[in-house]
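Student: Take a look at the following structure, please.
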Amino acid sequence: MAEKEEVKLLGIWASPFSRRVEMAFKLKGIPYDYVEEILEHKSPLLLALNPIHKKVPVLVHNGKTILESQVILEYIDETWKQNPILPEDPYERSKARFLAKLVDEQIMAAGFVSLARADEKGREAVAEQTRELIMYLEKELVGKDFFGGKSVGFLDLVAGSLIPFCLERGWEGLGLKVITEEKFPEYSRWVKNLERVEAVKDCIPPREKHIEHMNYMGERVRSA
């Protein structure tokens with residue numbers, strides 16, 4: 001009998017970065033052990049495995065440590081070939097990587113960090129900056145069920161875990177409506193498609209608890 005493969009993920013229930021890795025595992029049907037970390041009391045294991053950033057997610061695969069969610073997603077896709085998540089075409093793959101970087105860097109910075117720091121008067125201006133960035137995703141979704149075409153792919157996991165199932169909860173806690181179906185019809189249709197995918201749906205954090213968590217994270221940003 002073959003020895004069981006070690007696949008362990010350290011994450012936090014509310015983190016879009018660890019949730020997207022779980023989505024990838026479920027899409028590919030990969031069994032894994034999950035270790036829940038606590039934001040304020042990081043375990044010695046996490047600190048030992050990721051001493052530079054001290055953040056989740058951390059993947060341990062047969063004794064090897066892989067860090068950073070997008071790097072982990074690519075590692076998963078290259079290691080387990082079934083149900084590929086990265087586009088096969090080199091141009092489409094480069095575009096997915098570029099837009100994923102836009103999501104995790106610029107949309108995250110505007111839609112969470114800057115928004116949390118803005119006063120009530122400044123929030124609408126920051127919200128508009130966030131809309132302008134999300135419009136790039138809106139245009140990319142025209143004529144598609146998902147960014148990956150007919151099936152969920154790399155950019156769906158990155159953008160889906162962060163925007164509708166995380167940032168929108170933070171905006172809700174602030175009483176802001178950043179995205180409307182009227183202005184973002186393609187995005188809105190895409191979110192509904194994502195919610196019907198079992199591997200995604202299983203990894204969406206509970207709404208009310210998540211809104212509370214995002215309010216708490218916003219307070220941390222403001223007091224930093």
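Letters A, B, ... mark the chains of the structure tokens in the order given; residue numbers begin at 1 per chain; ligand numbers begin at 1, in order shown.
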So that I can check the secondary structure, give me every residue of stretch 4-215 of chain A assigned strand (DSSP E or B) by backbone DSSP, as a list in words.

Tutor: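 Assigned to strand (DSSP E or B), within stretch 4-215 of chain A: Val7, Lys8, Leu9, Leu10, Gly11, Asp33, Tyr34, Val35, Glu36, Val58, Leu59, Val60, His61, Lys64, Thr65, Ile66, Leu67, Phe146 and Gly149 of chain A.
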
Student: Please, could you write that set of residues out with N, CA, C and O atoms as a short mmCIF file (atom, residue, chain, number, x, y, z; two decimals), in the first residue's frame?

Tutor:
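Generated output (part10.cif):
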data_model
loop_
_atom_site.label_atom_id
_atom_site.label_comp_id
_atom_site.auth_asym_id
_atom_site.auth_seq_id
_atom_site.Cartn_x
_atom_site.Cartn_y
_atom_site.Cartn_z
N VAL A 7 -0.38 16.44 2.91
CA VAL A 7 -0.89 17.69 2.36
C VAL A 7 -1.56 18.42 3.52
O VAL A 7 -2.64 18.07 3.95
N LYS A 8 -0.88 19.44 4.02
CA LYS A 8 -1.38 20.17 5.19
C LYS A 8 -1.46 21.65 4.87
O LYS A 8 -0.52 22.23 4.30
N LEU A 9 -2.59 22.25 5.22
CA LEU A 9 -2.79 23.68 4.98
C LEU A 9 -3.03 24.40 6.30
O LEU A 9 -3.92 24.04 7.06
N LEU A 10 -2.22 25.42 6.56
CA LEU A 10 -2.43 26.30 7.70
C LEU A 10 -3.18 27.53 7.20
O LEU A 10 -2.75 28.18 6.24
N GLY A 11 -4.31 27.83 7.82
CA GLY A 11 -5.12 28.95 7.34
C GLY A 11 -5.93 29.58 8.46
O GLY A 11 -5.84 29.19 9.63
N ASP A 33 -5.19 18.04 5.14
CA ASP A 33 -5.42 18.32 6.56
C ASP A 33 -5.38 19.83 6.75
O ASP A 33 -4.48 20.49 6.25
N TYR A 34 -6.35 20.32 7.49
CA TYR A 34 -6.45 21.77 7.70
C TYR A 34 -6.12 22.11 9.15
O TYR A 34 -6.63 21.47 10.07
N VAL A 35 -5.27 23.11 9.33
CA VAL A 35 -4.90 23.59 10.67
C VAL A 35 -5.36 25.03 10.79
O VAL A 35 -4.86 25.91 10.07
N GLU A 36 -6.32 25.31 11.67
CA GLU A 36 -6.83 26.67 11.86
C GLU A 36 -5.89 27.46 12.75
O GLU A 36 -5.55 27.04 13.87
N VAL A 58 -0.16 28.63 4.53
CA VAL A 58 1.09 27.88 4.38
C VAL A 58 0.70 26.47 3.97
O VAL A 58 -0.14 25.84 4.61
N LEU A 59 1.27 26.00 2.89
CA LEU A 59 1.06 24.63 2.44
C LEU A 59 2.30 23.80 2.76
O LEU A 59 3.42 24.23 2.47
N VAL A 60 2.08 22.66 3.37
CA VAL A 60 3.17 21.70 3.60
C VAL A 60 2.83 20.46 2.77
O VAL A 60 1.81 19.81 2.99
N HIS A 61 3.70 20.15 1.81
CA HIS A 61 3.48 18.99 0.94
C HIS A 61 4.69 18.07 1.02
O HIS A 61 5.77 18.42 0.55
N LYS A 64 7.76 19.69 2.29
CA LYS A 64 8.16 20.95 1.62
C LYS A 64 7.16 22.04 1.97
O LYS A 64 5.95 21.80 1.96
N THR A 65 7.67 23.25 2.24
CA THR A 65 6.80 24.38 2.59
C THR A 65 6.65 25.31 1.40
O THR A 65 7.64 25.74 0.81
N ILE A 66 5.40 25.62 1.08
CA ILE A 66 5.10 26.55 -0.02
C ILE A 66 4.29 27.70 0.55
O ILE A 66 3.31 27.49 1.28
N LEU A 67 4.69 28.95 0.22
CA LEU A 67 4.10 30.15 0.80
C LEU A 67 3.49 31.04 -0.28
O LEU A 67 3.87 30.94 -1.45
N PHE A 146 -17.21 32.19 -16.41
CA PHE A 146 -16.14 32.41 -15.44
C PHE A 146 -14.96 33.03 -16.18
O PHE A 146 -14.90 33.00 -17.40
N GLY A 149 -13.55 30.71 -18.51
CA GLY A 149 -14.42 30.27 -19.60
C GLY A 149 -15.65 29.58 -19.06
O GLY A 149 -16.48 30.18 -18.39
#

Student: Find the residues around A:Asn215 up to 7 Å (only C-alpha atoms counted), leave out those fewer than 4 positions away in its own chain, and share them as a ChimeraX atom specification.

Tutor: /A:170,173,211,219

Student: Would you save the residues of that selection, restricted to all heavy atoms, as an mmCIF file, in the first residue's frame?

Tutor:
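Writing the result to selection.cif gives the following:
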data_model
loop_
_atom_site.group_PDB
_atom_site.id
_atom_site.type_symbol
_atom_site.label_atom_id
_atom_site.label_comp_id
_atom_site.auth_asym_id
_atom_site.auth_seq_id
_atom_site.Cartn_x
_atom_site.Cartn_y
_atom_site.Cartn_z
ATOM 1 N N GLY A 170 -16.954 43.529 4.105
ATOM 2 C CA GLY A 170 -16.403 44.709 4.763
ATOM 3 C C GLY A 170 -17.167 45.966 4.391
ATOM 4 O O GLY A 170 -17.452 46.820 5.236
ATOM 5 N N GLY A 173 -20.417 46.088 6.181
ATOM 6 C CA GLY A 173 -20.246 46.527 7.565
ATOM 7 C C GLY A 173 -20.102 48.035 7.687
ATOM 8 O O GLY A 173 -20.483 48.627 8.705
ATOM 9 N N ILE A 211 -18.809 39.506 8.459
ATOM 10 C CA ILE A 211 -18.975 40.963 8.528
ATOM 11 C C ILE A 211 -18.371 41.490 9.825
ATOM 12 O O ILE A 211 -17.657 42.503 9.837
ATOM 13 C CB ILE A 211 -20.462 41.355 8.407
ATOM 14 C CG1 ILE A 211 -20.955 41.096 6.974
ATOM 15 C CG2 ILE A 211 -20.667 42.831 8.763
ATOM 16 C CD1 ILE A 211 -22.446 41.249 6.798
ATOM 17 N N GLU A 219 -10.914 48.093 11.927
ATOM 18 C CA GLU A 219 -10.463 48.817 13.134
ATOM 19 C C GLU A 219 -8.961 48.662 13.329
ATOM 20 O O GLU A 219 -8.272 49.609 13.710
ATOM 21 C CB GLU A 219 -11.209 48.308 14.378
ATOM 22 C CG GLU A 219 -12.676 48.705 14.442
ATOM 23 C CD GLU A 219 -12.859 50.217 14.554
ATOM 24 O OE1 GLU A 219 -11.955 50.893 15.085
ATOM 25 O OE2 GLU A 219 -13.892 50.710 14.082
#

Student: Do you know which residues are at most 12 Å from A:Val71 counting only C-alpha atoms, after dropping those on the same chain fewer than 6 positions away, and could you put them as an NGL selection string?

Tutor: :A and (17-18 or 20-21 or 57-59 or 65 or 77-78 or 86 or 97 or 100-101 or 154 or 158)

Student: Using DSSP assignments from the backbone, pull out every residue in stretch 29-198 of chain A that falls under helix (DSSP H, G or I) and give it to me as a ChimeraX atom specification.

Tutor: /A:44-49,69-79,90-117,120-140,154-174,185-195,198

Student: Ranking A:Gln70, A:Gln82, A:Ser188, A:Ser15 by minimum distance to A:Asp104 and counting only C-alpha atoms, which one comes first?

Tutor: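 Closest to A:Asp104 of all the choices is A:Gln70.
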
Student: For atom CA of A:Ala109 and atom CA of A:Gly218, determine how far apart the two atoms are, in Å to one decimal place.

Tutor: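 Taking atom CA of A:Ala109 and atom CA of A:Gly218, their separation equals 12.2 Å.
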
Student: What does the structure give for the distance between atom CA of A:Trp13 and atom CA of A:Pro205, in Å to one decimal?

Tutor: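 Spanning atom CA of A:Trp13 to atom CA of A:Pro205 is a straight-line distance of 6.8 Å.
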
Student: Ranking A:His53, A:Val113, A:Phe165, A:Met135 by minimum distance to A:Cys203 and counting only C-alpha atoms, which one comes first?

Tutor: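 Distance minimum relative to A:Cys203 lands on A:Phe165.
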
Student: Rank A:Ile85, A:Ile163, A:Gly122, A:Met23 by their smallest atom-to-atom distance to A:Val197, using only C-alpha atoms, and report the top residue only.

Tutor: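 For A:Val197, the nearest of the candidates is A:Met23.
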
Student: Rank A:Ile204, A:Pro31, A:Glu212, A:Ala224 by their smallest atom-to-atom distance to A:Ser161, using only C-alpha atoms, and report the top residue only.

Tutor: A:Ile204

Student: Give me the residues near A:Leu115 as a PyMOL selection string, where near means some atom within 10 Å (using only C-alpha atoms) and where sequence neighbours in that chain fewer than 6 positions away do not count.

Tutor: chain A and resi 108-109+122-127+129-130+170-171+174+218+221-222

Student: Would you please work out which residue, of A:Leu157, A:Leu45, A:Ile38, A:Leu141, is nearest to A:Pro16 when using only C-alpha atoms?

Tutor: A:Leu157

Student: In terms of the shortest atom-to-atom distance over only C-alpha atoms, which of A:Val152, A:Leu99, A:Ala14, A:Leu167 is closest to A:Tyr136?

Tutor: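 Comparing A:Val152, A:Leu99, A:Ala14, A:Leu167 against A:Tyr136, the winner is A:Leu99.
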
Student: Just the number, please: distance in Å from atom CA of A:Leu137 to atom CA of A:Lys95, one decimal.

Tutor: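 One can read the atom CA of A:Leu137 to atom CA of A:Lys95 distance as 11.2 Å.
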